[in-house]
Every structure is written in structure tokens, then in C-alpha cells.
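K.L.:
Sending over a structure as C-alpha cells; questions will come in a sec.
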Protein chains: 6
Amino acid sequence: MAKVVRTIQRAAADVIDGLGRCGVATVHEAQGRIGLLASRLRPIYPGARIAGSAVTISAPPGDNWMIHVAIEQLQGGDILVLAPTSPCEDGYFGDLLATSAMTRGCRGLVIDAGVRDVRDLTEMGFPVWSKAIYAQGTVKATLGSVNVPIVCAGAPIEAGDVIVADDDGVCVVRRADAASVLDKALTREAAEEGKRRRLAAGELGLDIYSMREKLAAMGLVYE
Amino acid sequence: MAKVVRTIQRAAADVIDGLGRCGVATVHEAQGRIGLLASRLRPIYPGARIAGSAVTISAPPGDNWMIHVAIEQLQGGDILVLAPTSPCEDGYFGDLLATSAMTRGCRGLVIDAGVRDVRDLTEMGFPVWSKAIYAQGTVKATLGSVNVPIVCAGAPIEAGDVIVADDDGVCVVRRADAASVLDKALTREAAEEGKRRRLAAGELGLDIYSMREKLAAMGLVYE
Amino acid sequence: MAKVVRTIQRAAADVIDGLGRCGVATVHEAQGRIGLLASRLRPIYPGARIAGSAVTISAPPGDNWMIHVAIEQLQGGDILVLAPTSPCEDGYFGDLLATSAMTRGCRGLVIDAGVRDVRDLTEMGFPVWSKAIYAQGTVKATLGSVNVPIVCAGAPIEAGDVIVADDDGVCVVRRADAASVLDKALTREAAEEGKRRRLAAGELGLDIYSMREKLAAMGLVYE
Amino acid sequence: MAKVVRTIQRAAADVIDGLGRCGVATVHEAQGRIGLLASRLRPIYPGARIAGSAVTISAPPGDNWMIHVAIEQLQGGDILVLAPTSPCEDGYFGDLLATSAMTRGCRGLVIDAGVRDVRDLTEMGFPVWSKAIYAQGTVKATLGSVNVPIVCAGAPIEAGDVIVADDDGVCVVRRADAASVLDKALTREAAEEGKRRRLAAGELGLDIYSMREKLAAMGLVYE
Amino acid sequence: MAKVVRTIQRAAADVIDGLGRCGVATVHEAQGRIGLLASRLRPIYPGARIAGSAVTISAPPGDNWMIHVAIEQLQGGDILVLAPTSPCEDGYFGDLLATSAMTRGCRGLVIDAGVRDVRDLTEMGFPVWSKAIYAQGTVKATLGSVNVPIVCAGAPIEAGDVIVADDDGVCVVRRADAASVLDKALTREAAEEGKRRRLAAGELGLDIYSMREKLAAMGLVYE
Amino acid sequence: MAKVVRTIQRAAADVIDGLGRCGVATVHEAQGRIGLLASRLRPIYPGARIAGSAVTISAPPGDNWMIHVAIEQLQGGDILVLAPTSPCEDGYFGDLLATSAMTRGCRGLVIDAGVRDVRDLTEMGFPVWSKAIYAQGTVKATLGSVNVPIVCAGAPIEAGDVIVADDDGVCVVRRADAASVLDKALTREAAEEGKRRRLAAGELGLDIYSMREKLAAMGLVYE
């Protein structure tokens, strides 16, 4: 059952990068409020904002062997995404693995478990979104799989899906939907820009979105 | 039952600002160790330190409609305080709402739920204390109330109460008590300054506070 | 039963400092993956990296009296380590106690409870690893003990044991093992340095650690 | 600041008992979905269903002294309601205190902390809703207050308010609203009985509540 | 985007019932340790053991409208499975909905949120596995979907998949795999029966599974 | 480093059984409020009340191999006590292992992780105190140790220490202290019996413990 899928499809690089510039909140809205990973995944340092293609890892609790296997499958622009097969907060990943992943152009790690060496990772500029920071070591004793479908922090992810991650958390976009989601995200950004200008000028959302009538109709009372 | 109270009393501006300079820990002590919100509320970036008058919001889970309503009620120096009617971590608030709130002089948001666009909010210098950072969107389908009494993160808060928030968390001071609490806080600060100097000079708390006798009387043994 | 042990053994200063330079993850690995405190202990600001001798405190919930007692027992290079006798997140420690502890050369605090005044502590450069940041005050009504064996965040700690703490968390090294653990940590660091260079040059862990055969033998399939 | 209010108003006994028969879910709905305590409060055994007048206790963490004080204030039909001044799971209450409380006609305990001797309490038929079951003992060293307003598990409660508790959790009804809430609850029960019969006969909520048109209008698509 | 899929495929009734008799732990092992829902889902009363076809519900936080829609889609032997679109513990379901669901032969509810009226549900013998018991009511204001793929408590579930639930929790079996998983489960049960008899007779697992050599080879030392 | 200690000292059988009859709360008080395991350990069914000698297990996350090893070390009256080396909720133990353990006279399991087959275990009358109920399987790939000192749910435990467990949780008594703790527990029980009778007769704790003067002296005010 343990397997490594070597050939995966990826979205177009410019689409991926475009999604990264839009950021998690916008992309999540643009695709209809789906694809968000649970809020327990937090960045190990503020300010990182990445997008890339998912190289997925299904790993046993406390066993990081498959990360070594996955790194060989990385291409430039990829993001490692690890889901343990049962809840775990061990530190699967540290500066040595990051050093290796960076040589292959890896943009970051999303892991529903723990990470360690975060000071080194911060200095190296290798961003990680994790459930925990924990120095607890792992073993290399049991197989898992690479580039199979996983559920990471509540979101189903397939290899090659686009991962977007920033200070707001992590979102996944189906590879096949990436271009259309980017279109919607850019449209949304443009619309937001107009609204932002009006709001900054002091107009109220109540007026811009014509909410007053509906609020009154539903029974909101001003005292 | 859904209503907006338009006229609220506020404490004097200099009292509010004075409480803000004292900070959460001092104010909390000065008023007898009451009024603290639960520790799950954390600032989205370090270093912010604010005080202001509460404009309260009671909102349904996953529904941020009432924030638009509340923003119209803001005056310069106010702080939005939102309590969901059941536990929720959705991202009720982002950069557009912050843009609007800032035009009315709002000093920040305290929310026992989630927030998003935290990178933008950080750049804008709009501080938020929240239970979660989560890009999950909300709807505008159900009414809530503005400027009614709420319980936020365990603390009862009325509109116009003074909110003090910094890296230690969030504290509420009853509007009617604000001036006397400020007096006590300043007295406490002055007393602490004297103690700080003595402690910095190497004196021990055991001696400054005359603890040795009481410890011995209660049976503390030195080996 | 409440007692203060005044005379404790400490490890050699250069050994302690050497362990501090190695950091938590390396030390934890070097001593066979034991001694880690639970991941709920987090630093109040990033970048601190300390090692020192534990002055242990067993304190009742919500009562910080024994910290005053413990400070008198501090020597230069020590670290305060507090375990409440039942789970508690109150703010046992703030800037006044830090001022006092620093005059005695204390390097930091590890506490399985809360801390407050974190802005001041950050400015003072006094690092704390805690379970919570919470302004809730404590009383001085019930005795505890100082320099007795405690269990802090899941790890047994004796007075004089070496505490290592950084952005990855906190680890304890038995005093008697400190020198040999440092040896192993340095050996490990040297070995890692070689691996880091090979990994940075693009070699794969799969090859450096000769994993391919074992993976195949265990049944890993490449598709 | 520590005080005991000896004279409190209570709701009429038949109103209280009527609310108890309606149960938490019905009462909570009848009063407009307010007054619910957080779901972390769970009964120590299934099947208990009580209502009574709140005798409130504000107690320090790990200190159960005020329960002794509160028991003297109990009248037949009362319920003890304890909120610690900071989060705590210590076992404040056991079989001795229950024995004492029962002699005064106390119907149960609601506590946002821990309880112990649950086997004895179960055999005695003394119901408790608590955050934890934990044998950890408490001290009697610091004052608190009795029959002052508290916030327990997120809900503001005043002495004499009506507490309703069953397998669904705990709800508070303002004393002044008790009679009218009971009216609404009974009306609701009657209406539910009719709906229950129609539903049991196989009619669908979609038809009983005329939902089909609104669902279609909002865009629900059947495939 | 909100839709109801009316036609779904179901596994054969005898296969479903067979899986139910095997129970969660055996089925989970038989299919290679996949498909388990998170341990936060617990039964509202002990002893229930069911299997059925999933009728899936994706619902907004605090909005149970889609349950009414889903009930119309139920056939005898089905199980309702609800995942909120963001974390929520509100009580989506009570005795009225259970009354309705039971008329259509529904065997139970699996919900990654809250439930209420648990005393009534227990008396009715309608089993529920939920994240919380909470009387908090919900609204009917926003659409969701029925019989679309969902992720419930970390497990991807499609309409018509087989749900197995007992005191150990909840497991999902892909509809297409149900028959073969049942075969494996029965084989496993038979094998376990033999082992159980040998173990009950006092033989050790160390000998039955021939572990002694491998343990020694890996370095286990007996002192 | 992985080892099995085959010879351990046990307390006298009548002392162990006496402690079991006293129960967790009494024993915990009798030995000075130490030795309690964290409240996250809960019994899988109500009413069990056991005491026995600890056979300790230190096991890797998700790996139950060492339980097989430990069972061989069991003697009649022993209790298995397992602490994972990092936090884990996998189901380490089920009905087959219980069958084996029972043949050797094992009285129960205390585990800071998960357990499964709880319906079978309940029917077999094999009590377990665990952090989780979770069907997730484990592997047999990595060594641990048996009868070494462990920290389980926050409490340090050595092989041969006396474990007492009931509906209130779990407590450990040092083997060497067992007889004297039993003495104190029996004394305490006798004293409690007298107090229970006086309390049942309607006397108040305020009077029995002469609290009124001290409360007044500390400033408690009756209104």
C-alpha cells in the first residue's frame, strides 16, 4: 500500500505565482469559501507569503522517513505538505531537511504536526506552517506514501494542487481550478480596491452594500 | 430583540488615555483583579497598547453583518468589541472593515472569534486581539445587536466601558469606575517604581515585603 | 513538608554554556531523545537562547509567594523553573520579579503557568518560556517548596539540572550527565555539519543515509 | 471586597419546578437563545434534571473556603454555582460538602472547575455539572464572595436567578423573567408536541415549515 | 453552488450489516488503517453499534436548515453525516429532527458539531456521535448542500459510503470497497478468534507472533 | 537504551488492597496532595475501583510492541501503566491484549494515550483509564522499555509503585510509602466519618472547623 507517485501534474507557474500574490483570504473567497486548512496551522515566523504545487506526504506518527523520499520528488516551486496518519506533534522537520529541500527549489512546508530548528529555518528563510513547534525527534521505521491524496488539517489535498500560505493560514486550490480561481481572485481584488477607496473616504459599508433596507426589513431596531 | 443603541456614555478622554498608559496588568491589579478577558485572546502583532470606549457587538456565529452596523456608531477613540453568541473562530474582520473603522477613529478590535488579513492589518497599524487567525469567511444573513451588554471571553462588558489592551491581553474597566481606577493605577505605578528601584539595587522581596517572619510562622523550613 | 533546599550542586559553567550553544533540538537528540518539556511552553519573544542551572519551585495554583523565596537562592547563571501543583495559567511573574532576579544573574524563567508584563520583560531582555500570557494576579497565602524535585510540563527536573531553552522549546539535562551530553551534542553537531554541506550540495538523504535498499526491502513501490 | 450577601430574592417554587420540567434546550429557546453556560460543563452522571435558585460563589483558584460559607446561605431548592476567579480544574467539592449541602435542601452544584468523590456523589444522588473530574485538593486560605454577580462558564449569573440543568448542559434564567420564560417554554412545548406528532406520522419539516419555496428562491438546486 | 444530489448509490444491505457487526476497530484494521474519524466524535450514550449508508450534509456554522432537506433524501438504513463548513459546536439536532429521521429508517447521526435533547434521543434509541453536547440553537438562513463529498472530523466521505460507528468511534468505508473490506474484516475476526483462544489459555503474544528474536536483534536488553 | 527490568519490588498485597478501598481522593489527601495523574485520564466505564503494582511501559508514539513485552512481566495484582515518549492518542490496547493480560492477573491499564475495543473491555470487566478512546491502530517497529521510571500524565512513576484508580482518576503512591500512606488514609477516613455524621445531622463546616473567627479576621463582610 506504501507508494511513491513520481509523475504529477502541476498548474502553470504564472497562475501559481498569481495566486500567491492574492493571498489566502482572497483566494479562499474567490473559490467559494472552500479549501481552507484548519486554523491550528500557524507560520513559524510572520511575513511569509508563498504559493506552490503540493508534494504530498502521508506519514506514520513520529516517523519522518517519507520526507526523505518526498524530497527527491520535489521540483522548483513545490511545497511539501505532510499529514500524519494519526494526530501527532513531533518535530518531523528541521534545518537539515530544509537545506536539502531548498536545493531542489522547495518553497516551504505545510505540516499538521510539529517542526523544530525554527530559529535556523527563520534565518534560512524557509517558511513552515505547522500545528506545533516541538523538538521531539522522530524515527525512520515505518513506510508511508508520497504524492497520494491526503487530508491535511481538515482539507483534502492531491499532489499538484496549488497551496497558498501566508499569515492568515493555508488554502488549497484544485490544480484544475487554479486558473479560473485566479481570475476570480483578481476580479475580487479589483472590486475590493474600489470598495477600499470608498471606505477610506469615509463611506459606510451600510451604504456601499445597500444594507439599510434589508436590516430594517428583518427587524433591526435603532434606539 | 435585535437592536442598536445609538447613544452611549463614554469616560473622559484623558482618563481613558491614562489607563492605556498604565497597561493591562497594572489596571487589572488596581481595580482588585477583576475585568480580565480570557487568555485565549492574543494580539495579532506585538507591541500594540491601546485604550478606548467599547462599542459592543453581539453577533451570530459566522455572521459579521453587525460589524457594518457597529462601525456607523463609532466615534474617535472607540474600540470594537465582538462576542459571538456561540463559540466560533471564523474570520469576521479583515482589511476592508479596518479601513472603514479607521476613518472613524477606531483604535482597534477585541474579538472572541477569528480575524483575517492580519498582514494588512499589521501594516495599517490596526491592532486586534482575537481567539484565532483564520481566513474563513462569514455571511450577512442574521441580525445581532450593537451596544448591548455582552460577555466577551468571560468578561461582562457594557457599551462605553473602557477597554485596555496590550501584549498581556485585554481588561475592561466599568465606565463609572474609570477615574478612580486610574487613580489607583497611578498610585500603584508610583509604589511599584519605588520597589523597582530597591529590587534593582539588589534588595530582596523577602525583605521589602517583610515576608520572612510570616513564612517561618507558617512552617517553611530551610535545609 | 514545605521546604527550601539552600545548597545545590551545579554543572560546570563551560558545560552549561556549551549546551546552550548547541540548542534544544541538538541536546535532546544527543541525550537519546529524553528530557523535553511539553510543547505548550513557548517563549514570550523569539530569538532567546539560554542555558543555566535549575532553581526549582513547586507552587500552589495562583500563589507566587515561593518565587520571592526562590530568588534569594539564585546564583549567577541560574534559571527559575516553576511547576504549579495543579494546572494553572495565572500570571505568576512580571517585571518586578524579573528586576529582582536579574540582579542575581538569573538568565530566565521556565514556567508551566502564566506570565505577565511581557512587553517589559521583552525590553529588559529577560526571556520566559510559559504556558500562557495572562495578566491574572496571584496571592501570597500558601507555602510551596524551592529546590525540590518537580515535574514541569511533563519532565522531571531536579535543582541543579541544566535547562536549555530556545525557540524550539525547553529541554532538561541531568546535572551528572551534562558533560557527556555536551560531548555527544558536539559530536552530533560536527556530523551534522558534514551532512549539511553534502545536502546543500544537492546530495539526497536517501543516498547519504543509504535508505534506498531498506525502503525497497520493506515494500515501498515507485509508480 | 470579600462579602456574603445574606438576603436574596428567589423565583416562585412552582415556576422554578416548571422550568426544570421543560429542560435546558426548551428553556434556552423560549428565552431567545440566551443564558446558556459553555458546553465544557458536563454532568457527572446521566439522567439528572434539576432547577433551582442560584447561590453564587466567586472563589480563588484552588481554594474552596467559600463553599463552606455558601452552604450556610442555602435554602431548600437552591443550587450552588461556583466560578473561580481564574481558570482552574481542582476538585473543590466532594462527598462531605455534598452531605452538608443536602441537609439544607440543595439540589445540586454547577461549577466551572473540578469535582471529586463522583462515585459517592452518584450514589448519594447529588448531581454536579463541572468542567473536570479531578481529585486535586484545595486550600482554605483566601477569601471570595457569596451571592454576588458572577460569570460562570461564560454566562452572567446573579444570586436568585433560576438555574436549569440536565443532560444537555446548564442554562440560567433571570429571576425577574422566570415566569414569562416558563409561559413561553410551555407554549413552545405544546407547539412542539403538535409538530412531533406530525413528524412522527411521516410529514417532512420541509412541508410543515413551508421551506421549499424559500430554499428554491435562495438558489438551492436539486440534481 | 448549493445543491442536493437526489440519487446516490448504496452498498448491499447485508454487506453494510456485516460491517456493523464487525465494529469500528476491526473494520479500520481490515481496510489498512484508513477511514477513521477524529476521536473528538463520541457517542451520546454507550452501547450503540450501527452501520449504514452516508447521507452527507455540508452546513454553515450554526445553521441546521440543510438537515431538513437531507431528511427527505433518507432511505431505510441510512446515516446522516454532517460537517460544518467551519468549526462549530452548536446543537444542530434534537428530538424533533430525530423523530422525523426515524420515520424514514435513519439509523443515527454522525456530526462534527453539537447535538441536544440527548436524554430524549437516548430514550428514543437514536444514536449520535458528536463533537459536543450543547443546547445552543441554530438558525435557518443560509444554504448548504446534501449528498456532496465532505470531510467530516478529518475523514473524506462521499454519499453512499458505509459508516460504521460504535463505542470506539466512527469509521468510513468507500462504497466500492465495502464488500472486500467485509471479507477482510471477517477473515481478521476469524484469525483473532484463534489468537484470543491461545491468549486466553495463557500463551504470550511474544510467542504467538514470534517476536522474541526480532526484539533481541533490535537490541532489547533484559536485566 | 531499550531495556526490560525483570525484577521489581512490590508493596504488600493487603496494603495495596487497603489503598484501593480508600480510593483516589482519600489516598491523594493522605499523602499530602501529591501523586495525582492529570485529569485527562478518564475511565472507559464508570464504577471501576482498583489498586495494584505498576508495571511501567515507555513506548514510542503509535507503537504498542512493548505492551507484549510488558505482559510477560505481569504478576497477579499488577497494573499496566504506559506513557508514550511524545503525546499520542492512538489506540495502543484492545481486547486481545486485555485477554492476555487478564490471564496473568492484571487488574487494569493506565495509559496516557488511546485505547480501543472499549465495548469488549467493558464486558470483560477490564478497566482502563486513558486520554482517548480511538480505534487508530499502532505498529510494532520501534523498541521502548519496561519497568523503567516514567512520567505518566504528569506524575513520575516507578515500577512497583502502587497505582490507585477509580472514577475520580488515578493516583500513584511510592512503594516505600505505601504502608504509611494507608495508615494516614485510614485515619483520615475515620475522621471523615465523624465529620460526615455531624454534617449529615445539619452542623455546618463553619462551626465544625471553627472557621467563623478566621473569616472575620481576614475581613469577610456579611451584608
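Here, A, B, ... name the chains of the C-alpha cells in the order displayed, residue numbers run from 1 inside each chain, and ligands are numbered from 1 in the same displayed order.
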Mind listing the helix (DSSP H, G or I) residues of segment 14-221 of chain B, per DSSP on the backbone, as a ChimeraX atom specification?
P.N.:
/B:14-22,24-30,65-73,95-103,118-124,175-200,205-208,212-218
K.L.:
Restrict the distance test to only C-alpha atoms, flag each residue of chain E within 9 Å of chain B, and return the flagged residues as a list in words.
P.N.:
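Here is what falls inside 9 Å: Pro60, Pro61, Gly62, Thr85, Ser86, Pro87, Cys88, Glu89, Asp90, Gln136, Val139, Ala141 and Thr142 of chain E.
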K.L.:
Can you tell me how far atom CA of Asp117 of chain D sits from atom CA of Trp65 of chain D, in Å to one decimal?
P.N.:
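If I compute the distance from atom CA of Asp117 of chain D to atom CA of Trp65 of chain D, I get 17.7 Å.
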K.L.:
For a test of reading the model, state the distance in Å between atom CA of Ile34 of chain A and atom CA of Ile79 of chain A, rounded to one decimal.
P.N.:
19.6 Å
K.L.:
Do you have the atom CA of Ala217 of chain D-atom CA of Leu206 of chain A distance handy?
P.N.:
24.0 Å
K.L.:
Could you pull the residues within 9 Å of His68 of chain C, counting only C-alpha atoms, minus those fewer than 6 positions along the same chain, as a list in words?
P.N.:
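Counting only C-alpha atoms, the residues come to Leu204, Gly205, Leu206 and Met211 of chain B; Leu97 and Ser100 of chain C.
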K.L.:
Store the residues picked out above, limited to N, CA and C atoms, as a compact mmCIF listing (two decimals), in the first residue's frame.
P.N.:
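Okay, out.txt is ready:
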```txt
# COMPACT_ATOMS: atom_id res chain seq x y z
N LEU B 204 15.91 42.25 48.45
CA LEU B 204 15.03 41.13 48.15
C LEU B 204 13.59 41.44 48.51
N GLY B 205 12.67 40.89 47.74
CA GLY B 205 11.26 41.00 48.08
C GLY B 205 10.98 40.45 49.47
N LEU B 206 11.70 39.40 49.84
CA LEU B 206 11.55 38.83 51.18
C LEU B 206 11.70 39.89 52.26
N MET B 211 8.51 39.38 54.50
CA MET B 211 7.87 38.06 54.40
C MET B 211 8.48 37.01 55.30
N LEU C 97 9.52 41.10 39.62
CA LEU C 97 10.26 39.89 39.96
C LEU C 97 11.44 39.70 39.02
N SER C 100 14.28 41.85 40.09
CA SER C 100 14.97 41.26 41.24
C SER C 100 15.84 40.06 40.81
```
K.L.:
Could you give me, as a ChimeraX atom specification, the residues within 7 Å of Arg49 of chain C, counting only C-alpha atoms and dropping anything in the same chain fewer than 2 positions from it?
P.N.:
/C:20,47,165-166
K.L.:
Output N, CA and C atoms of each residue in that selection to a file, as a tab-separated table (two decimals), in the first residue's frame.
P.N.:
```
chain	number	residue	atom	x	y	z
C	20	GLY	N	24.07	25.35	25.89
C	20	GLY	CA	23.24	26.45	25.40
C	20	GLY	C	23.53	26.76	23.94
C	47	GLY	N	13.96	34.35	19.49
C	47	GLY	CA	15.38	34.59	19.41
C	47	GLY	C	16.18	34.33	20.68
C	165	ALA	N	17.04	26.25	26.69
C	165	ALA	CA	15.78	26.76	26.15
C	165	ALA	C	16.07	27.66	24.96
C	166	ASP	N	15.29	27.48	23.90
C	166	ASP	CA	15.40	28.37	22.75
C	166	ASP	C	14.05	28.38	22.02
```
K.L.:
With only C-alpha atoms as the basis for distance, which of C:Leu82, C:Ile67, C:Ala200, C:Cys22 is at the shortest distance from Ala101 of chain C?
P.N.:
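Checking each of C:Leu82, C:Ile67, C:Ala200, C:Cys22 against Ala101 of chain C, counting only C-alpha atoms, the winner is C:Ile67.
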K.L.:
As a ChimeraX atom specification, please: every residue in segment 10-183 of chain C that DSSP puts in strand (DSSP E).
P.N.:
/C:42-43,50-59,78-84,108-115,128-133,145-146,150-152,155-157,162-166,169-173
K.L.:
Just to be explicit: take each residue in the selection above, keep C-alpha atoms, and write the result as a short mmCIF file (atom, residue, chain, number, x, y, z; two decimals), in the first residue's frame.
P.N.:
```cif
data_model
loop_
_atom_site.label_atom_id
_atom_site.label_comp_id
_atom_site.auth_asym_id
_atom_site.auth_seq_id
_atom_site.Cartn_x
_atom_site.Cartn_y
_atom_site.Cartn_z
CA ARG C 42 6.53 28.82 24.33
CA PRO C 43 8.96 31.76 24.51
CA ILE C 50 19.78 30.24 27.11
CA ALA C 51 21.19 27.52 29.33
CA GLY C 52 21.53 27.52 33.10
CA SER C 53 21.14 25.63 36.35
CA ALA C 54 17.61 24.97 37.52
CA VAL C 55 16.38 26.55 40.72
CA THR C 56 13.11 24.69 41.03
CA ILE C 57 9.86 25.94 42.51
CA SER C 58 6.79 23.92 43.44
CA ALA C 59 3.96 26.41 43.92
CA ASP C 78 20.64 30.07 37.18
CA ILE C 79 17.21 29.66 35.63
CA LEU C 80 13.98 29.67 37.62
CA VAL C 81 11.76 26.67 36.85
CA LEU C 82 8.25 26.70 38.28
CA ALA C 83 5.66 23.90 38.27
CA PRO C 84 2.26 24.60 39.83
CA GLY C 108 15.39 33.39 32.55
CA LEU C 109 12.23 31.65 33.70
CA VAL C 110 10.57 28.41 32.64
CA ILE C 111 7.02 28.16 33.97
CA ASP C 112 4.18 25.73 33.31
CA ALA C 113 1.71 28.52 34.05
CA GLY C 114 1.26 32.17 33.04
CA VAL C 115 3.44 35.27 32.94
CA VAL C 128 10.45 33.42 29.68
CA TRP C 129 9.02 30.15 28.40
CA SER C 130 5.44 29.81 29.62
CA LYS C 131 2.14 28.05 29.02
CA ALA C 132 0.20 31.30 28.88
CA ILE C 133 0.46 35.06 28.85
CA SER C 145 8.94 24.42 48.12
CA VAL C 146 12.19 25.50 46.49
CA ILE C 150 9.48 18.72 40.37
CA VAL C 151 7.76 17.62 37.18
CA CYS C 152 7.47 20.64 34.88
CA ALA C 155 9.63 16.45 32.51
CA PRO C 156 11.16 15.53 35.89
CA ILE C 157 13.62 18.23 36.96
CA VAL C 162 20.82 22.00 33.28
CA ILE C 163 17.99 23.76 31.46
CA VAL C 164 18.41 24.56 27.77
CA ALA C 165 15.78 26.76 26.15
CA ASP C 166 15.40 28.37 22.75
CA GLY C 169 11.17 24.91 23.49
CA VAL C 170 12.86 23.66 26.65
CA CYS C 171 14.98 20.62 27.48
CA VAL C 172 16.47 19.41 30.75
CA VAL C 173 19.79 17.59 31.12
#
```
K.L.:
Show me, as a list of chain:residue names, the residues that have an atom within 9 Å of Glu189 of chain E when counting only C-alpha atoms, minus same-chain residues fewer than 5 positions from it.
P.N.:
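My list of contacting residues is E:Cys22, E:Thr26, E:Lys184, E:Gly194.
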K.L.:
Store the residues picked out above in a file with N, CA, C and O atoms, as a PDB file, in the first residue's frame.
P.N.:
```
ATOM      1  N   CYS E  22     -18.976  -6.279  12.649  1.00  0.00           N
ATOM      2  CA  CYS E  22     -17.515  -6.343  12.899  1.00  0.00           C
ATOM      3  C   CYS E  22     -17.065  -5.214  13.830  1.00  0.00           C
ATOM      4  O   CYS E  22     -16.149  -5.378  14.625  1.00  0.00           O
ATOM      5  N   THR E  26     -12.191  -3.342  14.094  1.00  0.00           N
ATOM      6  CA  THR E  26     -11.885  -4.406  13.137  1.00  0.00           C
ATOM      7  C   THR E  26     -11.956  -3.900  11.700  1.00  0.00           C
ATOM      8  O   THR E  26     -11.081  -4.191  10.873  1.00  0.00           O
ATOM      9  N   LYS E 184     -12.245  -9.023   4.351  1.00  0.00           N
ATOM     10  CA  LYS E 184     -11.016  -8.929   5.151  1.00  0.00           C
ATOM     11  C   LYS E 184     -11.332  -8.843   6.648  1.00  0.00           C
ATOM     12  O   LYS E 184     -10.615  -9.395   7.477  1.00  0.00           O
ATOM     13  N   GLY E 194      -8.893 -17.193  16.910  1.00  0.00           N
ATOM     14  CA  GLY E 194      -7.874 -18.173  17.251  1.00  0.00           C
ATOM     15  C   GLY E 194      -6.850 -17.620  18.222  1.00  0.00           C
ATOM     16  O   GLY E 194      -6.482 -18.269  19.209  1.00  0.00           O
TER      17      GLY E 194
END
```
K.L.:
Find the spatial neighbours of Gly94 of chain F, counting only C-alpha atoms, within a cut-off of 9 Å - ignore same-chain residues fewer than 6 positions away - and output them as a list in words.
P.N.:
Ala25 of chain E; Val115, Arg116, Asp117, Val118, Asp120, Leu121 and Ala135 of chain F
K.L.:
Nearest to Gly77 of chain F: which of F:Gly32, F:Gly160, F:Gly144, F:Gly125 is it, counting only C-alpha atoms?
P.N.:
F:Gly160
K.L.:
Give me the residues near Ala153 of chain A as a list of chain:residue names, where near means some atom within 8 Å (using only C-alpha atoms) and where sequence neighbours in that chain fewer than 4 positions away do not count.
P.N.:
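Everything that qualifies: A:Leu37, A:Ala38, A:Arg40, A:Leu41, A:Ala83, A:Asp112, E:Gly154.
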